[in-house]
Each structure stands twice: as structure tokens, then as C-alpha cells.
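This report refers to the structure that appears directly beneath it.
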Amino acid sequence: MKRLSPLLTAPALFATLLSSPLQAETSGQPVETRRPNAPEQRPAFAGQTRAPQPAQMPKIAHAVVAEGLPHLWAMEFLPDGRMLVTAKQGAMHIISEEGGAGPAIAGVPDVLSGGQGGLLDVALAPDFSTSGMIFFSFSEEREDGNGTSVASARLVPDENGGGKLENVDVIFRQMPSYDGNKHFGSRLVFGPNDELYVTVGERSDPEPRVQAQDLGSGLGKVFRIDRSGKALPDNPFVNREGAQPEIWSYGHRNLQSATLDGQGRLWTVEHGPRGGDELNRPEAGRNYGWPEVTYGIDYSGAPISEGITAMRETEQPVYYWDPVIAPSGMAYYDADLIPEWKGAFLIGGLVAQGVVVVHMDGDKVAYEERVPLQARIRDVKVGPDGAVYAVTERRGGGGSTILRLTKS
């Protein structure tokens, strides 16, 4: 594999910033991050990490709208206000407006549920109100291992609060397969021109993770496909010999957060190792560095690769966290119920145990605040009422609750 050249002039600024704690007083409860795992690493530019709190932060109240649910991974609002949810063990349910889970939806294909795998994200087709089409990602067992796959289906609800999937079709498979149980990703986001972005992980282990830099491999990538799973003709590597044409961007670790901003552009947050969670705006053909470049260290405490945080051929993250927030679902807030969050990204935090609110100034992070919820947050969505809905999970496979966040 070609070795990338280090960026020798990476600035060594902001040591005081890195050693100081970030505090947030959202909902009257202070949240403090620990000291960085890699204190010798420095941001490449001002505001790339540990942004200040906004001067004014709303007081946020939260209420339980659904509880006693299976271990959920994702949710989407249906046009009638109900929620479609995926359960990690392999079931879909419709949650009523009263918070009750309907019977399991029939027709969901078998999923490999174990470790970090299972039934993952779900997205409604842009024309769902007329077509009934949904798309979902899941970890799939294969003869030579397993991997992340994407399927389409028509959702047909019934009068009992359940329903079935018709015309289920696996349209895309991340290749190569690998016999492991980590870093499947995955989020699904429809772009403004009906393109489907698929985010996946690089399978974690040292042997496969280097393939995040390999255009012939589907590990550690963002893909851009059409509804049939084919590469879009204007994808950046369509005409490159040996490259997978579905690839949009590469050099990613484990992408479990993705959404569009107000301009219809894709943004993602990926898990770092110990430190180095990254906010990025993936662009066509760009290399985001992993595992050659990272603002984190290995779980053992050793450097990743050569411990380099910048290389000329790779993109810097817009923002990074050390220690990690452990990002999950992500939403862009463009509603009016919580005006202070207008134009901000809302990111679920598994380790942060709450919602991380990232306020933007153009394409840079201006402020960060935290909404502590004392629970691992697996997904975040903005409801049709302008409230923010957060899906909790219990570590070790326990059940989930759905919370509704509003201004108090």
C-alpha cells in the first residue's frame, strides 16, 4: 500500500485549550469531559476541538414517549406521525402516537445479530407517501464471513399496528466479507437528488482496517448509489481501474452518524479509537485518513500507525473529540420549537450519555453544548412537531426508551 507523506508543518497550538475541561450547563446539570487521551496531539486550526459553550443555552426538558421497547438501533417518523423503529436483534416495529409498539413487521430478512451487528438503520424513500418504499441496513452472514448489506422493501402497515414488508431485495453488499463482529456502521441518508448515501465501518481489527485506504475494498467507506444499488455515473471513481465505483469517500473508521445540512450536503460523525471521534463533510473522492491519520490512540494506549494527525493527501476533520462522545444517530435542526438550536447538528452520544449540540458558523464549529440524559443515546431525530426525539439503549442488550426533548 502506498505510504502517505506527513504534513510537516501541522501547527502546535492551543495546548491550554486541550488541557482545560469542556463544561456545559444544559438543563442545569454540568457535564465535564476528561483530559485528552493524546495530550501531545494538537488541533490543526482554532476551533477544531473543545469549542466553547454558546452564551445562551436553552433549558431542556425531556419526557418519555415510549418505553419497554426491545433494544432499538434506529427510528424514522412516518408521514402520519407514528415511528418506524429497528430492533438490533432483527425486528421492525411501528410505534403508535401513544407510545405503544405494534407487532413485529413480517418479512424482515435474517440478520446476524451479535457483537455490534444486527438490524441497523432505516430510511424512508423520498416518495414514501406514494411508494411505501423503505431502505434498511443490516449485518448479513455470508459463506466467507459477514458484512453490511442494504435492502429495499415496500412497507405495508395493517390495522393492528403491525404490517409486512413486500418485495424485499438486497440491493448492495459491502465487500469483501470479514469474519468479525465489529464496525458494521451504518447509516442511510437520501440526498436531494434521490441518491442514497451508505456509511460503513472498516471492521475494527488491525488486519482489515488498513483496507479503509484501499479503493478496491468496501471497508471504511461512504458509498453513493441509486435505489437499485448501482453506482451513480458521476461518482468519483467510476472510471478508475480496480476501484469500487460505488465509493464516494474513503479513509473512514466506523460511521454511525450521518445527516444532510440545510443545503442538502452530507455530514457524518465517525467513531475514533481512544479519542478522535470526527465530524466531517465527506466530499467526492476525498481521503479522510484512517488508519494512517487520527486524533486518537489505540485502546492499548499505543499510537495508531505512526501517531500522525495530518498528511498532505488527507482531509482534516471539521471537528474532533478527545475523549470520545461515541457518536450514534445525528440530525440537523431546522425547526422552530427550540430556536437556539436552529442550524445546529444534534448528535447522540453513547459514552456522552446525552445529546451533543454542535452549533455551526459556516462549515466550522462555533459552539458545543451538551444535553445530559444519563443514558446511552442510539439515535436522534427531529419530529414533525419540532421536538427532538432520542432513542436510548442499555449496554449489554437491554431495552430502549424514546425520549422527547423540548424547551422547558
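All residue names refer to the C-alpha cells as shown: chains lettered A, B, ... in order, residues numbered from 1 in each chain, ligands numbered from 1 in order.
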Enumerate, in order of chain and increasing residue number, the residues of segment 66-118 of chain A with an atom no farther than 8 Å from segment 368-380 of chain A, each with its shortest atom pair and distance in Å to one decimal, counting only C-alpha atoms, as CSV.
```
residue,atom,partner,partner_atom,distance
A:Leu72,CA,A:Arg378,CA,7.7
A:Trp73,CA,A:Arg378,CA,6.0
A:Ala74,CA,A:Asp379,CA,5.6
A:Met75,CA,A:Asp379,CA,7.0
```
Those residues with N, CA and C atoms, as a short mmCIF file (atom, residue, chain, number, x, y, z; two decimals), in the first residue's frame please?
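Final file, result-v3.cif:
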```
data_model
loop_
_atom_site.label_atom_id
_atom_site.label_comp_id
_atom_site.auth_asym_id
_atom_site.auth_seq_id
_atom_site.Cartn_x
_atom_site.Cartn_y
_atom_site.Cartn_z
N LEU A 72 -33.37 -1.02 20.54
CA LEU A 72 -33.52 -0.35 19.25
C LEU A 72 -32.18 0.14 18.72
N TRP A 73 -32.14 0.33 17.40
CA TRP A 73 -30.96 0.89 16.75
C TRP A 73 -31.29 2.18 15.99
N ALA A 74 -32.48 2.27 15.43
CA ALA A 74 -32.81 3.44 14.61
C ALA A 74 -34.31 3.68 14.62
N MET A 75 -34.69 4.91 14.27
CA MET A 75 -36.10 5.26 14.14
C MET A 75 -36.28 6.27 13.01
#
```
* Write out as a ChimeraX atom specification the residues lying within 10 Å of Gly276 of chain A, counting only C-alpha atoms and excluding same-chain residues fewer than 3 positions away. => /A:36-38,49,270-273,279,293-297,309,317,319-326
Show me, as a compact mmCIF listing (two decimals) with N, CA and C atoms, in the first residue's frame, the residues that have an atom within 6 Å of Ile134 of chain A when counting only C-alpha atoms, minus same-chain residues fewer than 4 positions from it.
```
# COMPACT_ATOMS: atom_id res chain seq x y z
N ALA A 123 -34.34 4.03 6.45
CA ALA A 123 -34.64 5.33 5.83
C ALA A 123 -35.85 5.18 4.93
N LEU A 124 -36.72 6.17 4.96
CA LEU A 124 -37.86 6.20 4.05
C LEU A 124 -37.41 6.76 2.71
N ALA A 125 -37.90 6.17 1.63
CA ALA A 125 -37.65 6.75 0.32
C ALA A 125 -38.27 8.15 0.26
N SER A 152 -33.98 -3.00 0.10
CA SER A 152 -35.17 -2.18 -0.10
C SER A 152 -36.40 -3.06 0.05
N ALA A 153 -37.51 -2.45 0.37
CA ALA A 153 -38.77 -3.18 0.52
C ALA A 153 -39.92 -2.19 0.53
```
* To do: Might you pull out every residue within 6 Å of Thr401 of chain A, with only C-alpha atoms counted and same-chain residues fewer than 3 positions away left off, and present them as a list in words?
  =>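 That gives Ala66, Glu67, Val391 and Thr392 of chain A.
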Kindly export the residues of the current selection with N, CA and C atoms, as an mmCIF file, in the first residue's frame.
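Final output, saved to again-v1.cif:
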```cif
data_model
loop_
_atom_site.group_PDB
_atom_site.id
_atom_site.type_symbol
_atom_site.label_atom_id
_atom_site.label_comp_id
_atom_site.auth_asym_id
_atom_site.auth_seq_id
_atom_site.Cartn_x
_atom_site.Cartn_y
_atom_site.Cartn_z
ATOM 1 N N ALA A 66 -42.167 6.570 24.852
ATOM 2 C CA ALA A 66 -42.326 5.128 24.639
ATOM 3 C C ALA A 66 -41.267 4.412 25.462
ATOM 4 N N GLU A 67 -41.648 3.328 26.120
ATOM 5 C CA GLU A 67 -40.703 2.580 26.949
ATOM 6 C C GLU A 67 -41.052 1.104 26.890
ATOM 7 N N VAL A 391 -33.428 8.087 21.110
ATOM 8 C CA VAL A 391 -33.589 6.670 21.409
ATOM 9 C C VAL A 391 -32.479 6.247 22.367
ATOM 10 N N THR A 392 -32.840 5.725 23.516
ATOM 11 C CA THR A 392 -31.843 5.255 24.474
ATOM 12 C C THR A 392 -31.611 3.756 24.305
#
```
* To do: Can you pull out every residue within 10 Å of Val156 of chain A, counting only C-alpha atoms, but drop anything in the same chain fewer than 4 positions away, and send it as a ChimeraX atom specification?
  => /A:105-106,132-133,162-166
Write to file, as an mmCIF file, in the first residue's frame, the residues of the selection just made, with N, CA and C atoms.
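File written: part.cif
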```cif
data_model
loop_
_atom_site.group_PDB
_atom_site.id
_atom_site.type_symbol
_atom_site.label_atom_id
_atom_site.label_comp_id
_atom_site.auth_asym_id
_atom_site.auth_seq_id
_atom_site.Cartn_x
_atom_site.Cartn_y
_atom_site.Cartn_z
ATOM 1 N N ILE A 105 -43.043 -6.508 12.386
ATOM 2 C CA ILE A 105 -43.401 -6.468 10.971
ATOM 3 C C ILE A 105 -42.864 -7.715 10.282
ATOM 4 N N ALA A 106 -43.705 -8.384 9.528
ATOM 5 C CA ALA A 106 -43.318 -9.621 8.856
ATOM 6 C C ALA A 106 -42.447 -9.316 7.640
ATOM 7 N N GLY A 132 -44.386 3.826 -0.575
ATOM 8 C CA GLY A 132 -44.250 2.939 0.569
ATOM 9 C C GLY A 132 -42.892 2.288 0.694
ATOM 10 N N MET A 133 -41.891 2.758 -0.062
ATOM 11 C CA MET A 133 -40.590 2.106 -0.084
ATOM 12 C C MET A 133 -39.718 2.559 1.084
ATOM 13 N N GLY A 162 -49.211 -3.395 13.090
ATOM 14 C CA GLY A 162 -48.060 -4.092 12.543
ATOM 15 C C GLY A 162 -47.992 -3.910 11.039
ATOM 16 N N GLY A 163 -47.700 -4.991 10.329
ATOM 17 C CA GLY A 163 -47.642 -4.916 8.881
ATOM 18 C C GLY A 163 -46.655 -5.923 8.338
ATOM 19 N N LYS A 164 -46.262 -5.716 7.090
ATOM 20 C CA LYS A 164 -45.330 -6.633 6.439
ATOM 21 C C LYS A 164 -44.478 -5.877 5.437
ATOM 22 N N LEU A 165 -43.351 -6.497 5.089
ATOM 23 C CA LEU A 165 -42.503 -5.993 4.020
ATOM 24 C C LEU A 165 -42.751 -6.823 2.776
ATOM 25 N N GLU A 166 -42.939 -6.150 1.662
ATOM 26 C CA GLU A 166 -43.111 -6.822 0.372
ATOM 27 C C GLU A 166 -41.939 -6.477 -0.543
#
```
* **DSSP helix (DSSP H, G or I) selection over segment 190-372 of chain A, as a VMD selection string** => chain A and resid 206 to 213 339 to 341
Go ahead and write the residues just picked, C-alpha atoms, as a JSON list (two decimals), in the first residue's frame.
```json
[["chain", "number", "residue", "atom", "x", "y", "z"],
["A", 206, "PRO", "CA", -5.77, -4.35, 12.51],
["A", 207, "GLU", "CA", -5.80, -6.74, 9.54],
["A", 208, "PRO", "CA", -8.91, -5.44, 7.74],
["A", 209, "ARG", "CA", -8.86, -1.81, 8.91],
["A", 210, "VAL", "CA", -5.98, -0.88, 6.59],
["A", 211, "GLN", "CA", -8.41, -1.52, 3.72],
["A", 212, "ALA", "CA", -10.06, 1.80, 4.57],
["A", 213, "GLN", "CA", -7.28, 3.22, 2.36],
["A", 339, "PRO", "CA", -34.88, 28.40, 18.21],
["A", 340, "GLU", "CA", -31.46, 28.40, 19.91],
["A", 341, "TRP", "CA", -30.64, 25.18, 18.05]]
```
* Asked: If we count only C-alpha atoms, what is near segment 186-189 of chain A at a cut-off of 10 Å, once residues fewer than 5 positions away on the same chain are taken out, given as a PyMOL selection string?
  -> chain A and resi 74+117+119-125+135-139+148-150+194-201+222-224+254-260+266-268+328-330
* To do: Using atom CA of Gly90 of chain A and atom CA of Lys221 of chain A as the two end points, give the distance in Å to one decimal.
  => 23.9 Å
* From a DSSP pass on the backbone, collect the residues of segment 42-187 of chain A flagged as strand (DSSP E or B) and hand them back as a ChimeraX atom specification. => /A:60-69,72-77,83-87,91-95,101,106,114,117,119-124,133-142,145-157,163-173,178
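Taking atom CA of Gly47 of chain A and atom CA of Val365 of chain A as endpoints, the distance between them is 6.5 Å.
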* Within 9 Å of Gln116 of chain A, counting only C-alpha atoms, which residues show up once you throw out same-chain ones fewer than 2 positions away? Write them as a PyMOL selection string, please. => chain A and resi 88+113-114+118+139+181-185
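Considering the residues A:Gly362, A:Ala55, A:Ala310, A:Gly161 and counting only C-alpha atoms, Ala101 of chain A has its shortest atom-to-atom contact with A:Gly161.
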